[in-house]
file upload_23.cif (mmCIF, C-alpha atoms)
data_entry
#
loop_
_atom_site.label_atom_id
_atom_site.label_comp_id
_atom_site.auth_asym_id
_atom_site.auth_seq_id
_atom_site.Cartn_x
_atom_site.Cartn_y
_atom_site.Cartn_z
CA MET A 1 116.93 37.45 40.30
CA LEU A 2 114.49 36.10 37.72
CA ASN A 3 115.83 35.56 34.21
CA TRP A 4 113.36 36.74 31.56
CA GLY A 5 112.80 36.06 27.91
CA VAL A 6 110.43 37.94 25.59
CA ILE A 7 108.31 36.42 22.84
CA GLY A 8 107.35 39.04 20.27
CA CYS A 9 109.66 41.99 19.64
CA GLY A 10 107.33 44.95 19.15
CA HIS A 11 106.14 48.13 20.85
CA ILE A 12 104.61 46.52 23.94
CA ALA A 13 107.79 44.51 24.49
CA ASN A 14 109.63 47.84 24.76
CA THR A 15 107.29 48.93 27.56
CA PHE A 16 107.94 45.66 29.40
CA ALA A 17 111.72 46.06 29.00
CA ASP A 18 111.53 49.62 30.36
CA GLY A 19 109.57 48.46 33.38
CA LEU A 20 111.92 45.57 34.11
CA ALA A 21 114.94 47.89 33.89
CA CYS A 22 113.51 49.90 36.82
CA LEU A 23 113.74 46.84 39.09
CA ASP A 24 116.65 44.95 40.61
CA SER A 25 114.73 41.69 40.99
CA GLY A 26 114.87 40.49 37.38
CA ARG A 27 116.90 40.74 34.18
CA LEU A 28 116.15 40.32 30.50
CA ILE A 29 118.48 37.81 28.87
CA ALA A 30 116.65 36.51 25.78
CA CYS A 31 114.19 37.45 23.05
CA ALA A 32 112.50 35.61 20.20
CA SER A 33 110.74 36.66 17.01
CA ASN A 34 109.74 34.82 13.87
CA SER A 35 112.25 37.12 12.15
CA MET A 36 115.89 36.87 13.23
CA GLN A 37 116.58 40.39 11.94
CA ARG A 38 113.67 41.79 13.94
CA ALA A 39 114.91 40.02 17.07
CA LYS A 40 118.47 41.28 16.54
CA ASP A 41 117.30 44.84 15.95
CA TRP A 42 115.13 44.77 19.07
CA ALA A 43 117.92 43.36 21.24
CA GLU A 44 120.34 45.98 19.93
CA ASN A 45 117.87 48.75 20.81
CA GLN A 46 117.78 47.44 24.38
CA GLN A 47 121.56 47.56 24.91
CA ALA A 48 121.44 50.71 27.03
CA GLN A 49 119.49 48.94 29.78
CA HIS A 50 119.71 45.18 29.10
CA HIS A 51 122.36 42.72 27.96
CA ILE A 52 120.40 40.35 25.75
CA ASN A 53 122.85 37.75 24.52
CA LYS A 54 120.32 35.06 23.56
CA ILE A 55 118.51 35.93 20.35
CA TYR A 56 116.21 33.41 18.67
CA ASP A 57 114.22 33.28 15.44
CA ASN A 58 111.63 30.86 16.85
CA TYR A 59 109.73 30.51 20.12
CA GLN A 60 110.61 26.85 20.64
CA ALA A 61 114.29 27.72 20.95
CA LEU A 62 113.62 30.34 23.60
CA VAL A 63 111.46 28.13 25.81
CA SER A 64 114.03 25.33 25.49
CA ASP A 65 116.73 27.57 26.97
CA PRO A 66 117.32 26.34 30.55
CA GLU A 67 118.54 29.76 31.71
CA VAL A 68 115.20 31.43 30.87
CA GLN A 69 112.92 31.16 33.89
CA ALA A 70 110.07 33.48 32.94
CA VAL A 71 108.61 34.68 29.65
CA TYR A 72 106.68 37.81 28.74
CA ILE A 73 104.27 37.20 25.85
CA ALA A 74 104.18 40.27 23.61
CA ASN A 75 102.93 38.99 20.25
CA THR A 76 99.45 39.62 18.81
CA HIS A 77 96.27 38.35 20.48
CA ASN A 78 95.72 35.47 18.06
CA PHE A 79 99.03 33.86 19.11
CA HIS A 80 98.70 34.24 22.89
CA TYR A 81 97.08 30.87 23.58
CA GLU A 82 99.69 28.87 21.65
CA SER A 83 102.60 30.88 23.04
CA VAL A 84 101.53 30.63 26.69
CA LYS A 85 100.84 26.92 26.34
CA LEU A 86 104.29 26.35 24.83
CA CYS A 87 105.94 28.18 27.75
CA LEU A 88 103.99 26.28 30.40
CA GLN A 89 104.80 22.95 28.75
CA HIS A 90 108.47 23.88 29.23
CA GLN A 91 108.02 24.86 32.89
CA LYS A 92 108.36 28.60 32.37
CA HIS A 93 106.56 31.21 34.47
CA VAL A 94 104.48 33.46 32.23
CA LEU A 95 103.28 37.04 32.14
CA CYS A 96 101.01 37.40 29.10
CA GLU A 97 99.92 40.73 27.66
CA LYS A 98 96.16 41.23 27.75
CA PRO A 99 93.93 39.69 26.62
CA ILE A 100 95.51 36.45 27.75
CA THR A 101 93.55 34.50 25.11
CA LEU A 102 90.72 34.99 22.62
CA ASN A 103 88.07 33.55 24.93
CA ALA A 104 87.34 32.21 28.40
CA LYS A 105 87.62 28.54 27.45
CA GLN A 106 91.19 29.00 26.25
CA ALA A 107 92.07 31.03 29.35
CA ALA A 108 90.66 28.41 31.73
CA GLU A 109 92.66 25.69 29.96
CA LEU A 110 95.92 27.62 30.34
CA TYR A 111 95.31 28.42 34.01
CA SER A 112 94.62 24.74 34.68
CA LEU A 113 97.86 23.79 32.90
CA ALA A 114 99.78 26.34 34.98
CA GLN A 115 98.44 24.81 38.18
CA THR A 116 99.30 21.29 37.00
CA ASN A 117 102.85 22.27 36.03
CA LYS A 118 103.31 24.44 39.15
CA CYS A 119 104.11 27.49 37.02
CA PHE A 120 103.05 31.06 37.73
CA LEU A 121 100.72 32.50 35.09
CA MET A 122 99.20 35.99 35.09
CA GLU A 123 97.44 38.21 32.58
CA ALA A 124 99.30 41.50 32.22
CA VAL A 125 96.56 44.04 32.96
CA TRP A 126 98.91 46.71 34.28
CA THR A 127 96.10 48.93 35.58
CA ARG A 128 95.31 46.56 38.43
CA PHE A 129 98.75 46.86 40.01
CA LEU A 130 99.17 50.63 40.01
CA PRO A 131 99.48 52.31 43.45
CA ALA A 132 96.56 54.66 42.69
CA ILE A 133 94.28 51.76 41.81
CA ARG A 134 95.27 49.77 44.88
CA MET A 135 94.46 52.80 47.07
CA LEU A 136 91.24 53.41 45.14
CA GLN A 137 90.10 49.91 46.01
CA LYS A 138 90.85 50.58 49.67
CA ALA A 139 88.89 53.84 49.53
CA LEU A 140 85.90 52.02 48.06
CA SER A 141 86.09 49.26 50.68
CA ASP A 142 86.21 52.00 53.35
CA ASN A 143 82.96 53.41 51.90
CA VAL A 144 84.39 56.90 51.37
CA ILE A 145 81.51 57.65 48.97
CA GLY A 146 79.00 55.37 50.67
CA ASP A 147 77.48 52.57 48.66
CA VAL A 148 78.84 52.35 45.11
CA LEU A 149 75.89 52.63 42.74
CA SER A 150 77.28 53.17 39.25
CA LEU A 151 80.40 53.36 37.11
CA ARG A 152 81.00 55.13 33.84
CA ALA A 153 84.26 54.47 31.97
CA ASP A 154 85.49 54.86 28.41
CA PHE A 155 88.76 54.23 26.63
CA SER A 156 88.72 55.50 23.07
CA ILE A 157 91.30 56.66 20.57
CA ASN A 158 90.88 58.15 17.11
CA ARG A 159 93.30 56.73 14.57
CA MET A 160 93.53 56.56 10.79
CA LEU A 161 94.56 52.94 10.38
CA ASP A 162 95.21 50.68 7.42
CA GLU A 163 93.04 47.59 7.17
CA SER A 164 96.11 45.48 7.95
CA HIS A 165 96.71 47.23 11.29
CA ARG A 166 96.23 44.84 14.21
CA LEU A 167 93.31 46.87 15.61
CA ARG A 168 91.35 46.46 12.37
CA ASN A 169 92.66 43.06 11.31
CA LYS A 170 90.27 40.23 12.15
CA GLN A 171 92.96 37.62 11.44
CA LEU A 172 94.97 39.14 14.32
CA ALA A 173 91.90 39.14 16.63
CA GLY A 174 91.49 42.88 16.22
CA GLY A 175 88.67 45.14 17.34
CA ALA A 176 88.18 47.79 20.00
CA LEU A 177 86.93 45.38 22.67
CA LEU A 178 89.88 43.03 23.13
CA ASP A 179 92.52 45.74 22.83
CA LEU A 180 90.87 48.80 24.41
CA GLY A 181 87.55 47.73 25.91
CA ILE A 182 89.23 45.23 28.19
CA TYR A 183 90.32 48.21 30.31
CA PRO A 184 86.85 49.54 31.20
CA VAL A 185 85.58 45.96 31.53
CA SER A 186 88.43 45.13 33.93
CA PHE A 187 87.82 48.40 35.77
CA SER A 188 84.25 47.31 36.45
CA PHE A 189 85.65 44.25 38.24
CA ILE A 190 88.02 46.48 40.20
CA VAL A 191 85.10 48.65 41.35
CA PHE A 192 82.38 46.06 41.94
CA GLY A 193 84.50 43.01 42.70
CA GLU A 194 82.17 40.66 40.87
CA ALA A 195 80.85 39.70 37.46
CA PRO A 196 77.68 41.42 36.20
CA GLU A 197 74.38 39.60 36.35
CA LYS A 198 73.19 40.96 33.01
CA ILE A 199 75.02 42.35 29.97
CA GLN A 200 73.55 44.48 27.19
CA SER A 201 75.59 45.94 24.37
CA SER A 202 75.81 47.37 20.89
CA ALA A 203 78.65 47.75 18.42
CA VAL A 204 79.45 49.63 15.24
CA MET A 205 81.34 47.22 13.02
CA ASP A 206 84.26 48.09 10.75
CA THR A 207 84.40 47.02 7.11
CA THR A 208 87.02 44.47 8.21
CA GLY A 209 84.47 42.66 10.41
CA VAL A 210 85.60 43.81 13.86
CA ASP A 211 84.06 46.33 16.27
CA LYS A 212 85.39 49.85 15.81
CA ARG A 213 83.07 51.34 18.46
CA SER A 214 81.36 49.30 21.14
CA PHE A 215 79.17 50.08 24.14
CA TYR A 216 78.36 47.88 27.15
CA LEU A 217 75.84 48.11 29.99
CA PHE A 218 76.57 45.83 32.93
CA GLU A 219 73.83 45.32 35.53
CA TYR A 220 74.38 44.06 39.07
CA SER A 221 72.18 43.30 42.07
CA ASP A 222 70.42 46.17 43.88
CA GLY A 223 70.22 48.23 40.68
CA ARG A 224 73.97 48.91 40.39
CA THR A 225 75.23 49.54 36.86
CA ALA A 226 78.37 50.07 34.80
CA SER A 227 78.19 52.00 31.52
CA LEU A 228 81.33 51.21 29.53
CA SER A 229 82.64 51.84 26.03
CA SER A 230 85.68 51.76 23.78
CA ALA A 231 86.59 52.73 20.23
CA TYR A 232 89.45 53.32 17.83
CA SER A 233 87.42 55.69 15.66
CA HIS A 234 86.33 58.61 17.83
CA VAL A 235 87.55 60.95 20.56
CA ALA A 236 86.22 60.79 24.12
CA PRO A 237 87.55 61.56 27.61
CA CYS A 238 89.59 58.70 29.02
CA GLU A 239 88.22 58.73 32.53
CA ALA A 240 86.17 56.77 35.02
CA ILE A 241 83.43 58.17 37.26
CA ILE A 242 82.36 56.09 40.26
CA ALA A 243 79.10 57.33 41.78
CA GLY A 244 78.03 56.51 45.32
CA SER A 245 75.29 57.33 47.80
CA GLU A 246 77.45 60.00 49.48
CA GLY A 247 79.65 61.31 46.66
CA TYR A 248 81.62 60.34 43.59
CA ILE A 249 85.22 59.59 42.58
CA LYS A 250 86.78 60.75 39.33
CA VAL A 251 89.75 58.83 37.94
CA PRO A 252 91.42 60.58 34.98
CA GLN A 253 93.32 58.32 32.55
CA PHE A 254 92.08 55.39 34.64
CA LEU A 255 93.98 52.69 32.76
CA GLY A 256 97.28 54.35 33.76
CA ALA A 257 95.92 56.09 36.85
CA GLN A 258 98.25 58.26 38.90
CA GLU A 259 95.54 59.98 40.94
CA PHE A 260 91.87 60.06 41.84
CA THR A 261 89.68 62.78 43.31
CA VAL A 262 86.95 62.25 45.89
CA HIS A 263 83.96 64.61 45.63
CA LYS A 264 81.50 64.77 48.55
CA GLU A 265 78.66 67.23 48.95
CA GLY A 266 79.54 70.15 51.20
CA GLN A 267 83.25 69.32 51.19
CA GLU A 268 86.25 70.40 49.16
CA PRO A 269 87.35 67.79 46.60
CA GLN A 270 90.31 65.72 47.79
CA THR A 271 92.86 64.52 45.25
CA HIS A 272 95.07 61.55 46.10
CA SER A 273 98.20 61.35 43.92
CA PHE A 274 100.53 58.42 43.30
CA PRO A 275 102.88 59.55 40.52
CA PHE A 276 105.36 57.40 38.63
CA SER A 277 107.49 57.83 35.52
CA PRO A 278 106.49 56.48 32.08
CA ASN A 279 109.31 53.92 32.28
CA GLU A 280 107.63 52.44 35.35
CA ASN A 281 104.29 51.72 33.66
CA PHE A 282 104.73 47.94 33.88
CA SER A 283 107.10 47.87 36.87
CA PHE A 284 104.35 47.31 39.42
CA GLU A 285 102.90 44.23 37.76
CA ILE A 286 106.38 42.81 37.10
CA GLN A 287 107.47 43.29 40.70
CA HIS A 288 104.23 41.70 41.88
CA MET A 289 104.98 38.67 39.71
CA HIS A 290 108.52 38.46 41.10
CA ASP A 291 107.10 38.48 44.63
CA CYS A 292 104.57 35.76 43.77
CA VAL A 293 107.19 33.53 42.15
CA ALA A 294 109.46 33.97 45.19
CA GLN A 295 106.58 32.76 47.37
CA GLY A 296 105.98 29.72 45.16
CA LEU A 297 102.56 30.90 44.01
CA THR A 298 100.98 29.87 40.71
CA GLN A 299 98.54 32.78 40.56
CA SER A 300 98.22 36.38 41.67
CA PRO A 301 96.10 37.35 44.69
CA ILE A 302 95.44 40.70 42.96
CA LEU A 303 94.35 39.19 39.63
CA PRO A 304 93.54 35.54 40.36
CA HIS A 305 92.85 33.06 37.60
CA ASN A 306 89.09 32.91 38.17
CA GLU A 307 88.67 36.69 37.84
CA SER A 308 90.71 36.78 34.64
CA VAL A 309 88.41 34.08 33.25
CA GLN A 310 85.32 36.05 34.34
CA VAL A 311 86.54 39.11 32.43
CA MET A 312 87.03 36.92 29.35
CA GLN A 313 83.52 35.45 29.83
CA ALA A 314 82.05 38.97 29.87
CA MET A 315 83.86 39.79 26.63
CA ASP A 316 82.74 36.47 25.13
CA THR A 317 79.15 37.49 25.87
CA LEU A 318 79.66 40.87 24.23
CA ARG A 319 81.16 39.40 21.07
CA ALA A 320 78.41 36.78 20.89
CA GLN A 321 75.82 39.56 20.93
CA TRP A 322 77.54 41.11 17.89
CA GLY A 323 78.23 37.83 16.09
CA LEU A 324 81.99 38.47 16.22
CA HIS A 325 84.06 35.27 16.15
CA TYR A 326 87.74 34.75 15.36
CA ASP A 327 89.46 31.99 13.40
CA GLY A 328 90.91 29.35 15.63
CA GLU A 329 88.46 29.78 18.50
CA GLN A 330 87.31 26.58 20.11
#
call {"tool": "encode", "arguments": {"input": "upload_23.cif", "output": "structure tokens"}}
result
Amino acid sequence: MLNWGVIGCGHIANTFADGLACLDSGRLIACASNSMQRAKDWAENQQAQHHINKIYDNYQALVSDPEVQAVYIANTHNFHYESVKLCLQHQKHVLCEKPITLNAKQAAELYSLAQTNKCFLMEAVWTRFLPAIRMLQKALSDNVIGDVLSLRADFSINRMLDESHRLRNKQLAGGALLDLGIYPVSFSFIVFGEAPEKIQSSAVMDTTGVDKRSFYLFEYSDGRTASLSSAYSHVAPCEAIIAGSEGYIKVPQFLGAQEFTVHKEGQEPQTHSFPFSPNENFSFEIQHMHDCVAQGLTQSPILPHNESVQVMQAMDTLRAQWGLHYDGEQ
């Protein structure tokens, strides 16, 4: 039974708490926010499924608690690096909401520190741990559509947001890429299993200085390609299409995939379903972490440190092409 604490008491922390409540291998005992009232309100809202009796108004107090063994990082992107580092320095296992840091250099530093301190550290990209995605990877390795030649994936939302909203706020490391685009970028690694050899991109920038719509073309050996995009300012189908030499696979709502359909010429489409409830969204990644910690691992075999860094490197390249840099980056 792993004892958890949460840093950052917002919406995504609720999703984590829901997922943990579906498991019997961990329990949530502590939370921390820079506001004591916010932390108290969040803990009170969790009473139906968790007994959080350790409430802190600063992160140092939470990581100093000897009963807390693991910490979920749920604050905004700009604070991830400092928060993860603080946890690792106090020998806590860490699950950090994506993106784990602002850039690849910061991520590599944290993964090295985790190895040195013998702590488990994983980026919380929940898509990678879903049953449908795990079976999709098996289907691709079994060549059910022949050789994979291309991928098309988009994750876009259309929201009327204030300039202070985290998606538009450059001070909070906002922008479509780090918050939304990381899903199609990560999906390209799921499909191709490697980093692209060449990256081309374009972005439409917001008045706040971050990308509100961005488009990425990844090129691999043998002419394979991934056409990816994300936005918080237009509507588009949230789906992924994987094209092969003998057919294609369609994955609706790929970031939270519960099914995929195989289309082959001359055959009826075959849909493979792996349903789960909304409360279980994060359960699969949390249970995977519990299993890894029980085995004494410091990294995930599903999302190893080096692949997490490669995803960050790809996003670093994209932002460099747009001239988008955040305060505090090394």
call {"tool": "closest_residue", "arguments": {"input": "upload_23.cif", "among": "A:Val94, A:Glu123, A:Asp142, A:Asp211", "to": "Ala107 in chain A", "atoms": "all atoms listed in the file"}}
result
A:Glu123
call {"tool": "closest_atom_pairs", "arguments": {"input": "upload_23.cif", "of": "range 59-162 of chain A", "to": "range 230-242 of chain A", "cutoff": "6 Å", "atoms": "all atoms listed in the file", "output": "JSON lines"}}
result
{"residue": "A:Ser150", "atom": "CA", "partner": "A:Ile242", "partner_atom": "CA", "distance": 5.9}
{"residue": "A:Leu151", "atom": "CA", "partner": "A:Ile242", "partner_atom": "CA", "distance": 4.6}
{"residue": "A:Arg152", "atom": "CA", "partner": "A:Ile241", "partner_atom": "CA", "distance": 5.2}
{"residue": "A:Ala153", "atom": "CA", "partner": "A:Ala240", "partner_atom": "CA", "distance": 4.3}
{"residue": "A:Asp154", "atom": "CA", "partner": "A:Ser230", "partner_atom": "CA", "distance": 5.6}
{"residue": "A:Phe155", "atom": "CA", "partner": "A:Ser230", "partner_atom": "CA", "distance": 4.9}
{"residue": "A:Ser156", "atom": "CA", "partner": "A:Ala231", "partner_atom": "CA", "distance": 4.5}
{"residue": "A:Ile157", "atom": "CA", "partner": "A:Tyr232", "partner_atom": "CA", "distance": 4.7}
{"residue": "A:Asn158", "atom": "CA", "partner": "A:Ser233", "partner_atom": "CA", "distance": 4.5}
call {"tool": "closest_residue", "arguments": {"input": "upload_23.cif", "among": "A:Leu161, A:Met36, A:Ala294, A:Leu217", "to": "Ala314 in chain A", "atoms": "all atoms listed in the file"}}
result
A:Leu217
call {"tool": "residues_around", "arguments": {"input": "upload_23.cif", "residues": "range 24-33 of chain A", "least_positions_apart": "4", "cutoff": "6 Å", "atoms": "all atoms listed in the file", "output": "list in words"}}
result
Met1, Leu2, Asn3, Trp4, Gly5, Val6, Ile7, Gly8, Ala39, Ile52, Lys54, Ile55, Tyr56, Asp57, Asn58 and Tyr59 of chain A
call {"tool": "residues_near_point", "arguments": {"input": "upload_23.cif", "point": "(101.8, 53.2, 36.2)", "cutoff": "10 Å", "atoms": "all atoms listed in the file", "output": "list in words"}}
result
Gly19, Trp126, Thr127, Arg128, Phe129, Leu130, Pro131, Ala132, Ile133, Leu255, Gly256, Ala257, Gln258, Phe274, Pro275, Phe276, Ser277, Pro278, Asn279, Glu280, Asn281, Phe282, Ser283, Phe284 and Glu285 of chain A
call {"tool": "residues_around", "arguments": {"input": "upload_23.cif", "residues": "range 74-87 of chain A", "least_positions_apart": "5", "cutoff": "8 Å", "atoms": "all atoms listed in the file", "output": "PDB file with C-alpha atoms, in the coordinates of the input"}}
result
ATOM      1  CA  VAL A   6     110.430  37.940  25.590  1.00  0.00           C
ATOM      2  CA  ILE A   7     108.310  36.420  22.840  1.00  0.00           C
ATOM      3  CA  GLY A   8     107.350  39.040  20.270  1.00  0.00           C
ATOM      4  CA  CYS A   9     109.660  41.990  19.640  1.00  0.00           C
ATOM      5  CA  GLY A  10     107.330  44.950  19.150  1.00  0.00           C
ATOM      6  CA  ILE A  12     104.610  46.520  23.940  1.00  0.00           C
ATOM      7  CA  ALA A  13     107.790  44.510  24.490  1.00  0.00           C
ATOM      8  CA  TYR A  59     109.730  30.510  20.120  1.00  0.00           C
ATOM      9  CA  GLN A  60     110.610  26.850  20.640  1.00  0.00           C
ATOM     10  CA  VAL A  63     111.460  28.130  25.810  1.00  0.00           C
ATOM     11  CA  LYS A  92     108.360  28.600  32.370  1.00  0.00           C
ATOM     12  CA  HIS A  93     106.560  31.210  34.470  1.00  0.00           C
ATOM     13  CA  VAL A  94     104.480  33.460  32.230  1.00  0.00           C
ATOM     14  CA  CYS A  96     101.010  37.400  29.100  1.00  0.00           C
ATOM     15  CA  GLU A  97      99.920  40.730  27.660  1.00  0.00           C
ATOM     16  CA  LYS A  98      96.160  41.230  27.750  1.00  0.00           C
ATOM     17  CA  PRO A  99      93.930  39.690  26.620  1.00  0.00           C
ATOM     18  CA  ILE A 100      95.510  36.450  27.750  1.00  0.00           C
ATOM     19  CA  THR A 101      93.550  34.500  25.110  1.00  0.00           C
ATOM     20  CA  LEU A 102      90.720  34.990  22.620  1.00  0.00           C
ATOM     21  CA  GLN A 106      91.190  29.000  26.250  1.00  0.00           C
ATOM     22  CA  ALA A 107      92.070  31.030  29.350  1.00  0.00           C
ATOM     23  CA  LEU A 110      95.920  27.620  30.340  1.00  0.00           C
ATOM     24  CA  LEU A 113      97.860  23.790  32.900  1.00  0.00           C
ATOM     25  CA  ARG A 166      96.230  44.840  14.210  1.00  0.00           C
ATOM     26  CA  GLN A 171      92.960  37.620  11.440  1.00  0.00           C
ATOM     27  CA  LEU A 172      94.970  39.140  14.320  1.00  0.00           C
ATOM     28  CA  ALA A 173      91.900  39.140  16.630  1.00  0.00           C
ATOM     29  CA  GLY A 174      91.490  42.880  16.220  1.00  0.00           C
TER      30      GLY A 174
END
call {"tool": "axis_aligned_box", "arguments": {"input": "upload_23.cif", "around": "range 75-79 of chain A", "padding_each_side": "6 Å", "output": "AutoDock Vina command-line options"}}
result
--center_x 99.3 --center_y 36.7 --center_z 19.3 --size_x 19.2 --size_y 17.8 --size_z 14.4
call {"tool": "atom_distance", "arguments": {"input": "upload_23.cif", "atom1": "CA of Gly223 in chain A", "atom2": "CA of Gly193 in chain A"}}
result
15.3 Å
call {"tool": "atom_distance", "arguments": {"input": "upload_23.cif", "atom1": "CA of Phe16 in chain A", "atom2": "CA of Asp41 in chain A"}}
result
16.4 Å
call {"tool": "atom_distance", "arguments": {"input": "upload_23.cif", "atom1": "CA of Ile286 in chain A", "atom2": "CA of Val125 in chain A"}}
result
10.7 Å
call {"tool": "closest_residue", "arguments": {"input": "upload_23.cif", "among": "A:His325, A:His51, A:Lys105, A:Lys118", "to": "Gln313 in chain A", "atoms": "all atoms listed in the file"}}
result
A:Lys105
call {"tool": "closest_residue", "arguments": {"input": "upload_23.cif", "among": "A:Ser229, A:Arg319, A:Thr116, A:Ile145", "to": "Gly181 in chain A", "atoms": "only C-alpha atoms"}}
result
A:Ser229
call {"tool": "resolve_selection", "arguments": {"input": "upload_23.cif", "expression": "the PyMOL selection byres ((chain A and resi 245) around 8)", "output": "list in words"}}
result
Ile145, Gly146, Asp147, Val148, Leu149, Ala243, Gly244, Glu246 and Gly247 of chain A
call {"tool": "residues_near_point", "arguments": {"input": "upload_23.cif", "point": "(89.8, 42.9, 29.1)", "cutoff": "7 Å", "atoms": "only C-alpha atoms", "output": "PDB file with C-alpha atoms, keeping the file's coordinate frame"}}
result
ATOM      1  CA  LYS A  98      96.160  41.230  27.750  1.00  0.00           C
ATOM      2  CA  PRO A  99      93.930  39.690  26.620  1.00  0.00           C
ATOM      3  CA  LEU A 178      89.880  43.030  23.130  1.00  0.00           C
ATOM      4  CA  GLY A 181      87.550  47.730  25.910  1.00  0.00           C
ATOM      5  CA  ILE A 182      89.230  45.230  28.190  1.00  0.00           C
ATOM      6  CA  TYR A 183      90.320  48.210  30.310  1.00  0.00           C
ATOM      7  CA  VAL A 185      85.580  45.960  31.530  1.00  0.00           C
ATOM      8  CA  SER A 186      88.430  45.130  33.930  1.00  0.00           C
ATOM      9  CA  VAL A 311      86.540  39.110  32.430  1.00  0.00           C
ATOM     10  CA  MET A 312      87.030  36.920  29.350  1.00  0.00           C
TER      11      MET A 312
END
call {"tool": "residues_around", "arguments": {"input": "upload_23.cif", "residues": "Ser221 in chain A", "least_positions_apart": "5", "cutoff": "12 Å", "atoms": "only C-alpha atoms", "output": "PyMOL selection string"}}
result
chain A and resi 148-150+192+194-198+226
call {"tool": "closest_residue", "arguments": {"input": "upload_23.cif", "among": "A:Leu324, A:Ala114, A:Leu228, A:Leu136", "to": "Leu95 in chain A", "atoms": "only C-alpha atoms"}}
result
A:Ala114
call {"tool": "build_atoms", "arguments": {"input": "upload_23.cif", "residues": "range 226-239 of chain A", "atoms": "N, CA, C and O atoms", "output": "PDB file, keeping the file's coordinate frame"}}
result
ATOM      1  N   ALA A 226      77.131  49.561  35.381  1.00  0.00           N
ATOM      2  CA  ALA A 226      78.370  50.070  34.800  1.00  0.00           C
ATOM      3  C   ALA A 226      78.109  50.351  33.327  1.00  0.00           C
ATOM      4  O   ALA A 226      77.665  49.464  32.586  1.00  0.00           O
ATOM      5  N   SER A 227      78.337  51.594  32.920  1.00  0.00           N
ATOM      6  CA  SER A 227      78.190  52.000  31.520  1.00  0.00           C
ATOM      7  C   SER A 227      79.582  52.177  30.935  1.00  0.00           C
ATOM      8  O   SER A 227      80.318  53.090  31.323  1.00  0.00           O
ATOM      9  N   LEU A 228      79.955  51.307  30.005  1.00  0.00           N
ATOM     10  CA  LEU A 228      81.330  51.210  29.530  1.00  0.00           C
ATOM     11  C   LEU A 228      81.374  51.322  28.000  1.00  0.00           C
ATOM     12  O   LEU A 228      80.403  50.985  27.317  1.00  0.00           O
ATOM     13  N   SER A 229      82.508  51.749  27.477  1.00  0.00           N
ATOM     14  CA  SER A 229      82.640  51.840  26.030  1.00  0.00           C
ATOM     15  C   SER A 229      84.102  51.916  25.616  1.00  0.00           C
ATOM     16  O   SER A 229      84.985  52.220  26.426  1.00  0.00           O
ATOM     17  N   SER A 230      84.339  51.645  24.341  1.00  0.00           N
ATOM     18  CA  SER A 230      85.680  51.760  23.780  1.00  0.00           C
ATOM     19  C   SER A 230      85.568  51.938  22.269  1.00  0.00           C
ATOM     20  O   SER A 230      84.560  51.580  21.667  1.00  0.00           O
ATOM     21  N   ALA A 231      86.601  52.503  21.671  1.00  0.00           N
ATOM     22  CA  ALA A 231      86.590  52.730  20.230  1.00  0.00           C
ATOM     23  C   ALA A 231      87.993  53.072  19.742  1.00  0.00           C
ATOM     24  O   ALA A 231      88.823  53.570  20.501  1.00  0.00           O
ATOM     25  N   TYR A 232      88.239  52.808  18.446  1.00  0.00           N
ATOM     26  CA  TYR A 232      89.450  53.320  17.830  1.00  0.00           C
ATOM     27  C   TYR A 232      89.103  54.310  16.719  1.00  0.00           C
ATOM     28  O   TYR A 232      89.950  54.641  15.888  1.00  0.00           O
ATOM     29  N   SER A 233      87.860  54.820  16.756  1.00  0.00           N
ATOM     30  CA  SER A 233      87.420  55.690  15.660  1.00  0.00           C
ATOM     31  C   SER A 233      86.729  56.963  16.131  1.00  0.00           C
ATOM     32  O   SER A 233      86.062  57.621  15.350  1.00  0.00           O
ATOM     33  N   HIS A 234      86.847  57.316  17.391  1.00  0.00           N
ATOM     34  CA  HIS A 234      86.330  58.610  17.830  1.00  0.00           C
ATOM     35  C   HIS A 234      87.082  59.085  19.067  1.00  0.00           C
ATOM     36  O   HIS A 234      87.827  58.324  19.696  1.00  0.00           O
ATOM     37  N   VAL A 235      86.877  60.338  19.422  1.00  0.00           N
ATOM     38  CA  VAL A 235      87.550  60.950  20.560  1.00  0.00           C
ATOM     39  C   VAL A 235      86.582  61.047  21.735  1.00  0.00           C
ATOM     40  O   VAL A 235      85.425  61.445  21.560  1.00  0.00           O
ATOM     41  N   ALA A 236      87.036  60.684  22.907  1.00  0.00           N
ATOM     42  CA  ALA A 236      86.220  60.790  24.120  1.00  0.00           C
ATOM     43  C   ALA A 236      87.163  60.905  25.308  1.00  0.00           C
ATOM     44  O   ALA A 236      88.324  60.488  25.238  1.00  0.00           O
ATOM     45  N   PRO A 237      86.698  61.466  26.425  1.00  0.00           N
ATOM     46  CA  PRO A 237      87.550  61.560  27.610  1.00  0.00           C
ATOM     47  C   PRO A 237      87.903  60.175  28.150  1.00  0.00           C
ATOM     48  O   PRO A 237      87.019  59.325  28.299  1.00  0.00           O
ATOM     49  N   CYS A 238      89.164  59.963  28.404  1.00  0.00           N
ATOM     50  CA  CYS A 238      89.590  58.700  29.020  1.00  0.00           C
ATOM     51  C   CYS A 238      89.530  58.884  30.524  1.00  0.00           C
ATOM     52  O   CYS A 238      90.484  59.355  31.153  1.00  0.00           O
ATOM     53  N   GLU A 239      88.401  58.537  31.105  1.00  0.00           N
ATOM     54  CA  GLU A 239      88.220  58.730  32.530  1.00  0.00           C
ATOM     55  C   GLU A 239      87.175  57.756  33.053  1.00  0.00           C
ATOM     56  O   GLU A 239      86.401  57.175  32.279  1.00  0.00           O
TER      57      GLU A 239
END
